[in-house]
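Visitor: Please find run11.cif (mmCIF, C-alpha atoms, pLDDT in the B column; chains and numbers go by the auth columns) on the next line:
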```cif
data_upload
#
loop_
_atom_site.group_PDB
_atom_site.id
_atom_site.type_symbol
_atom_site.label_atom_id
_atom_site.label_comp_id
_atom_site.label_asym_id
_atom_site.label_seq_id
_atom_site.Cartn_x
_atom_site.Cartn_y
_atom_site.Cartn_z
_atom_site.B_iso_or_equiv
_atom_site.auth_seq_id
_atom_site.auth_asym_id
ATOM 1 C CA MET A 1 142.787 83.572 71.557 87.00 1 A
ATOM 2 C CA THR A 2 143.474 86.531 73.843 95.00 2 A
ATOM 3 C CA ASP A 3 142.965 86.500 77.589 93.00 3 A
ATOM 4 C CA ASP A 4 139.940 88.809 77.274 94.00 4 A
ATOM 5 C CA GLU A 5 138.339 86.536 74.681 93.00 5 A
ATOM 6 C CA LEU A 6 138.995 83.484 76.864 92.00 6 A
ATOM 7 C CA LEU A 7 137.469 85.191 79.919 91.00 7 A
ATOM 8 C CA ALA A 8 134.437 86.288 77.881 91.00 8 A
ATOM 9 C CA GLU A 9 133.933 82.717 76.622 90.00 9 A
ATOM 10 C CA LEU A 10 134.259 81.293 80.150 86.00 10 A
ATOM 11 C CA ALA A 11 131.802 83.880 81.485 85.00 11 A
ATOM 12 C CA GLU A 12 129.310 82.921 78.778 85.00 12 A
ATOM 13 C CA LEU A 13 129.664 79.225 79.663 82.00 13 A
ATOM 14 C CA LEU A 14 129.179 79.852 83.397 78.00 14 A
ATOM 15 C CA ARG A 15 126.341 82.399 83.101 75.00 15 A
ATOM 16 C CA PRO A 16 123.503 79.806 83.271 69.00 16 A
ATOM 17 C CA GLN A 17 124.970 78.483 86.527 68.00 17 A
ATOM 18 C CA LEU A 18 125.130 81.974 88.075 66.00 18 A
ATOM 19 C CA VAL A 19 121.428 82.736 87.595 69.00 19 A
ATOM 20 C CA PRO A 20 119.206 80.629 89.878 74.00 20 A
ATOM 21 C CA PRO A 21 116.175 78.993 88.277 73.00 21 A
ATOM 22 C CA PRO A 22 112.815 80.757 88.875 78.00 22 A
ATOM 23 C CA GLU A 23 111.561 77.964 91.155 76.00 23 A
ATOM 24 C CA VAL A 24 114.595 78.424 93.428 74.00 24 A
ATOM 25 C CA LEU A 25 113.971 82.179 93.618 70.00 25 A
ATOM 26 C CA GLU A 26 110.299 81.592 94.471 69.00 26 A
ATOM 27 C CA ALA A 27 111.197 79.047 97.166 68.00 27 A
ATOM 28 C CA GLY A 28 113.595 81.581 98.680 67.00 28 A
ATOM 29 C CA ARG A 29 110.940 84.290 98.707 63.00 29 A
ATOM 30 C CA LEU A 30 108.441 81.957 100.379 60.00 30 A
ATOM 31 C CA ALA A 31 110.992 80.816 102.978 57.00 31 A
ATOM 32 C CA PHE A 32 111.808 84.434 103.792 56.00 32 A
ATOM 33 C CA GLY A 33 108.099 85.139 104.177 55.00 33 A
ATOM 34 C CA TRP A 34 107.841 82.475 106.898 54.00 34 A
ATOM 35 C CA ARG A 35 110.124 84.455 109.212 54.00 35 A
ATOM 36 C CA ASP A 36 107.058 85.438 111.253 54.00 36 A
ATOM 37 C CA VAL A 37 105.645 81.911 111.329 57.00 37 A
ATOM 38 C CA ASP A 38 105.927 82.006 115.128 58.00 38 A
ATOM 39 C CA ALA A 39 103.740 85.092 115.271 71.00 39 A
ATOM 40 C CA GLU A 40 100.672 84.616 117.384 81.00 40 A
ATOM 41 C CA LEU A 41 97.533 84.659 115.286 84.00 41 A
ATOM 42 C CA ALA A 42 95.134 87.512 116.061 89.00 42 A
ATOM 43 C CA ARG A 43 91.568 86.422 115.349 89.00 43 A
ATOM 44 C CA LEU A 44 88.919 88.635 113.837 91.00 44 A
ATOM 45 C CA VAL A 45 86.500 89.680 116.594 93.00 45 A
ATOM 46 C CA HIS A 46 84.567 92.413 114.776 92.00 46 A
ATOM 47 C CA ASP A 47 83.793 93.255 111.144 91.00 47 A
ATOM 48 C CA SER A 48 81.322 96.060 110.470 89.00 48 A
ATOM 49 C CA LEU A 49 80.299 94.386 107.186 83.00 49 A
ATOM 50 C CA VAL A 50 78.750 91.571 109.198 80.00 50 A
ATOM 51 C CA ASP A 51 75.967 92.350 111.648 52.00 51 A
ATOM 52 C CA SER A 52 75.269 90.506 114.898 45.00 52 A
ATOM 53 C CA ASP A 53 73.327 87.670 113.251 48.00 53 A
ATOM 54 C CA GLY A 54 76.070 87.027 110.670 46.00 54 A
ATOM 55 C CA ALA A 55 74.195 88.372 107.640 50.00 55 A
ATOM 56 C CA ALA A 56 75.912 90.858 105.358 50.00 56 A
ATOM 57 C CA THR A 57 74.873 94.472 105.860 49.00 57 A
ATOM 58 C CA ARG A 58 73.069 95.982 102.862 52.00 58 A
ATOM 59 C CA ALA A 59 73.207 99.699 103.646 53.00 59 A
ATOM 60 C CA ALA A 60 73.473 102.044 100.643 54.00 60 A
ATOM 61 C CA ASP A 61 76.499 103.815 102.166 57.00 61 A
ATOM 62 C CA PRO A 62 77.890 101.708 104.994 62.00 62 A
ATOM 63 C CA GLY A 63 80.778 104.169 105.597 76.00 63 A
ATOM 64 C CA PRO A 64 84.276 103.003 106.464 88.00 64 A
ATOM 65 C CA ARG A 65 84.691 99.338 107.274 90.00 65 A
ATOM 66 C CA LEU A 66 85.785 98.673 110.850 93.00 66 A
ATOM 67 C CA LEU A 67 87.759 95.560 111.777 94.00 67 A
ATOM 68 C CA ALA A 68 89.087 94.421 115.147 95.00 68 A
ATOM 69 C CA PHE A 69 91.544 91.577 115.781 95.00 69 A
ATOM 70 C CA GLU A 70 92.425 90.128 119.161 95.00 70 A
ATOM 71 C CA SER A 71 95.368 88.120 120.394 92.00 71 A
ATOM 72 C CA GLY A 72 95.574 87.698 124.156 90.00 72 A
ATOM 73 C CA ASP A 73 95.652 91.215 125.622 93.00 73 A
ATOM 74 C CA VAL A 74 96.443 92.861 122.267 94.00 74 A
ATOM 75 C CA LEU A 75 93.760 94.489 120.133 96.00 75 A
ATOM 76 C CA VAL A 76 94.462 95.660 116.565 97.00 76 A
ATOM 77 C CA GLU A 77 91.778 97.946 115.181 96.00 77 A
ATOM 78 C CA LEU A 78 91.575 98.834 111.488 95.00 78 A
ATOM 79 C CA GLN A 79 89.401 101.259 109.594 94.00 79 A
ATOM 80 C CA VAL A 80 89.298 100.637 105.830 90.00 80 A
ATOM 81 C CA GLU A 81 88.874 103.877 103.895 88.00 81 A
ATOM 82 C CA GLY A 82 89.063 103.046 100.201 84.00 82 A
ATOM 83 C CA ARG A 83 92.632 101.844 99.604 85.00 83 A
ATOM 84 C CA ARG A 84 93.868 103.127 102.981 90.00 84 A
ATOM 85 C CA LEU A 85 94.047 101.436 106.374 92.00 85 A
ATOM 86 C CA VAL A 86 93.956 103.609 109.471 95.00 86 A
ATOM 87 C CA GLY A 87 94.785 101.554 112.528 96.00 87 A
ATOM 88 C CA GLN A 88 95.787 101.362 116.142 97.00 88 A
ATOM 89 C CA VAL A 89 97.435 98.761 118.334 97.00 89 A
ATOM 90 C CA ASP A 90 96.187 98.561 121.926 95.00 90 A
ATOM 91 C CA PRO A 91 97.972 98.605 124.306 94.00 91 A
ATOM 92 C CA PRO A 92 99.865 101.356 122.491 95.00 92 A
ATOM 93 C CA ALA A 93 103.317 100.433 121.234 95.00 93 A
ATOM 94 C CA GLU A 94 105.759 101.339 118.492 96.00 94 A
ATOM 95 C CA VAL A 95 105.543 98.203 116.364 96.00 95 A
ATOM 96 C CA GLU A 96 106.959 97.327 112.964 96.00 96 A
ATOM 97 C CA LEU A 97 104.178 96.565 110.480 96.00 97 A
ATOM 98 C CA GLU A 98 104.078 94.336 107.411 92.00 98 A
ATOM 99 C CA LEU A 99 101.016 94.303 105.201 91.00 99 A
ATOM 100 C CA ARG A 100 100.958 91.068 103.215 87.00 100 A
ATOM 101 C CA ALA A 101 98.925 89.636 100.384 82.00 101 A
ATOM 102 C CA GLY A 102 97.784 86.230 101.500 66.00 102 A
ATOM 103 C CA GLY A 103 95.623 84.462 103.976 54.00 103 A
ATOM 104 C CA ASP A 104 95.653 82.112 106.911 51.00 104 A
ATOM 105 C CA GLY A 105 97.556 79.403 105.048 53.00 105 A
ATOM 106 C CA GLY A 106 100.775 81.226 105.861 56.00 106 A
ATOM 107 C CA PRO A 107 102.327 84.601 105.263 58.00 107 A
ATOM 108 C CA GLY A 108 102.107 85.891 101.730 70.00 108 A
ATOM 109 C CA ALA A 109 104.181 88.396 99.803 79.00 109 A
ATOM 110 C CA VAL A 110 105.010 91.622 101.629 84.00 110 A
ATOM 111 C CA LEU A 111 103.069 94.469 100.024 86.00 111 A
ATOM 112 C CA LEU A 112 104.478 97.210 102.214 90.00 112 A
ATOM 113 C CA THR A 113 106.002 97.941 105.589 93.00 113 A
ATOM 114 C CA GLY A 114 105.417 100.672 108.112 95.00 114 A
ATOM 115 C CA ARG A 115 105.627 101.588 111.766 96.00 115 A
ATOM 116 C CA ALA A 116 103.092 102.507 114.413 97.00 116 A
ATOM 117 C CA ASP A 117 103.847 105.593 116.503 97.00 117 A
ATOM 118 C CA ALA A 118 104.253 105.588 120.302 95.00 118 A
ATOM 119 C CA LEU A 119 100.450 105.684 120.672 96.00 119 A
ATOM 120 C CA GLY A 120 100.095 102.610 118.466 96.00 120 A
ATOM 121 C CA ARG A 121 98.573 104.576 115.552 97.00 121 A
ATOM 122 C CA PHE A 122 99.379 104.005 111.885 97.00 122 A
ATOM 123 C CA VAL A 123 98.174 104.620 108.341 96.00 123 A
ATOM 124 C CA LEU A 124 98.961 102.237 105.474 94.00 124 A
ATOM 125 C CA ALA A 125 98.086 102.549 101.792 89.00 125 A
ATOM 126 C CA VAL A 126 96.775 99.275 100.383 84.00 126 A
ATOM 127 C CA PRO A 127 98.132 98.618 96.874 78.00 127 A
ATOM 128 C CA SER A 128 95.553 97.884 94.189 77.00 128 A
ATOM 129 C CA GLY A 129 94.765 94.276 93.453 69.00 129 A
ATOM 130 C CA SER A 130 95.383 92.937 96.957 58.00 130 A
ATOM 131 C CA ALA A 131 91.985 91.661 98.030 67.00 131 A
ATOM 132 C CA LEU A 132 93.084 89.282 100.814 80.00 132 A
ATOM 133 C CA ILE A 133 95.496 90.778 103.327 86.00 133 A
ATOM 134 C CA THR A 134 97.131 90.047 106.676 88.00 134 A
ATOM 135 C CA LEU A 135 98.905 92.480 108.967 91.00 135 A
ATOM 136 C CA SER A 136 101.937 91.509 111.040 92.00 136 A
ATOM 137 C CA CYS A 137 102.902 93.595 114.086 94.00 137 A
ATOM 138 C CA THR A 138 106.385 93.009 115.523 93.00 138 A
ATOM 139 C CA TYR A 139 107.238 94.481 118.915 93.00 139 A
ATOM 140 C CA PRO A 140 110.699 95.788 119.866 93.00 140 A
ATOM 141 C CA ASP A 141 111.325 92.640 121.946 91.00 141 A
ATOM 142 C CA GLY A 142 110.765 90.476 118.833 89.00 142 A
ATOM 143 C CA THR A 143 107.341 89.092 119.718 90.00 143 A
ATOM 144 C CA ALA A 144 104.850 89.321 116.895 92.00 144 A
ATOM 145 C CA ILE A 145 101.191 88.908 116.096 93.00 145 A
ATOM 146 C CA ARG A 146 99.615 88.392 112.689 91.00 146 A
ATOM 147 C CA THR A 147 95.977 89.005 111.836 91.00 147 A
ATOM 148 C CA THR A 148 93.875 86.388 110.142 86.00 148 A
ATOM 149 C CA GLY A 149 93.358 87.097 106.459 85.00 149 A
ATOM 150 C CA VAL A 150 90.520 89.412 105.447 85.00 150 A
ATOM 151 C CA ARG A 151 89.157 90.414 102.052 81.00 151 A
ATOM 152 C CA LEU A 152 89.002 94.136 101.497 77.00 152 A
#
```
Go ahead and render the structure in this file as structure tokens.

Guide:
Amino acid sequence: MTDDELLAELAELLRPQLVPPPEVLEAGRLAFGWRDVDAELARLVHDSLVDSDGAATRAADPGPRLLAFESGDVLVELQVEGRRLVGQVDPPAEVELELRAGGDGGPGAVLLTGRADALGRFVLAVPSGSALITLSCTYPDGTAIRTTGVRL
């Protein structure tokens, strides 16, 4: 047996040990997703689909959906236009954004990332098939807030 043949045989024997099992990969992804677990939760304070008495609005063309989330002195406003989110963070700040699929049970998979400009404005495209989303906003000093989950 040549050295190359021996190395090829050893590589074949070790290959199953080099590839982590799917459950280990999934656990790693979930653990990475919890990096913003200390983010303060921003609660939903306004949803234009729900009127003041809590009943769903039944207008023929309700227009864009407006959402507002509050966490302490921070307000995150979102306007849902089809598969696009137009938003603003108030007070204005350049924040890193992560749109996630998932709900209040913990952060879900990251769908996309973005950044708000100096006035706190941003636009994010929502990928198809992501009905329940959360938005994480991380400030330059490392503090973060995460919205409660909402169905689009």

Visitor: Can you give me, as a ChimeraX atom specification, the residues this file yields under the PyMOL selection byres ((chain A and resi 109-120) around 7)?

Guide: /A:33,88-90,92-102,107-108,121-122

Visitor: Residues near Pro91 (chain A), anyone? I mean within 8 Å using all atoms listed in the file, not counting same-chain ones fewer than 5 positions away, as a VMD selection string.

Guide: chain A and resid 73 to 75 120

Visitor: Is there a way to get, as a CSV table (one decimal) with C-alpha atoms, in the frame of the given file, all residues within 12 Å of the point (90.6, 105.5, 107.7) in file coordinates, counting only C-alpha atoms?

Guide:
```
chain,number,residue,atom,x,y,z
A,63,GLY,CA,80.8,104.2,105.6
A,64,PRO,CA,84.3,103.0,106.5
A,65,ARG,CA,84.7,99.3,107.3
A,66,LEU,CA,85.8,98.7,110.8
A,67,LEU,CA,87.8,95.6,111.8
A,77,GLU,CA,91.8,97.9,115.2
A,78,LEU,CA,91.6,98.8,111.5
A,79,GLN,CA,89.4,101.3,109.6
A,80,VAL,CA,89.3,100.6,105.8
A,81,GLU,CA,88.9,103.9,103.9
A,82,GLY,CA,89.1,103.0,100.2
A,83,ARG,CA,92.6,101.8,99.6
A,84,ARG,CA,93.9,103.1,103.0
A,85,LEU,CA,94.0,101.4,106.4
A,86,VAL,CA,94.0,103.6,109.5
A,87,GLY,CA,94.8,101.6,112.5
A,88,GLN,CA,95.8,101.4,116.1
A,121,ARG,CA,98.6,104.6,115.6
A,122,PHE,CA,99.4,104.0,111.9
A,123,VAL,CA,98.2,104.6,108.3
A,124,LEU,CA,99.0,102.2,105.5
A,125,ALA,CA,98.1,102.5,101.8
A,126,VAL,CA,96.8,99.3,100.4
```

Visitor: Considering only C-alpha atoms, return as an MDAnalysis selection string whatever protein or nucleic-acid residues lie within 8 Å of Arg43 (chain A), sequence-local ones (same chain, fewer than 6 positions apart) excluded.

Guide: chainID A and resid 69:71 147:148

Visitor: Can you spit out the residues from that selection as a CSV table (one decimal), in the frame of the given file, using C-alpha atoms?

Guide:
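Produced file part.csv, reproduced below:
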```csv
chain,number,residue,atom,x,y,z
A,69,PHE,CA,91.5,91.6,115.8
A,70,GLU,CA,92.4,90.1,119.2
A,71,SER,CA,95.4,88.1,120.4
A,147,THR,CA,96.0,89.0,111.8
A,148,THR,CA,93.9,86.4,110.1
```

Visitor: Between A:Val76, A:Val45, A:Val24, A:Val50, which residue has the minimum interatomic distance to Ile145 (chain A), considering only C-alpha atoms?

Guide: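 Ranking A:Val76, A:Val45, A:Val24, A:Val50 by distance to Ile145 (chain A), first place goes to A:Val76.
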
Visitor: So how many Å separate CA of Ala39 (chain A) and CA of Leu152 (chain A), to one decimal?

Guide: 22.1 Å
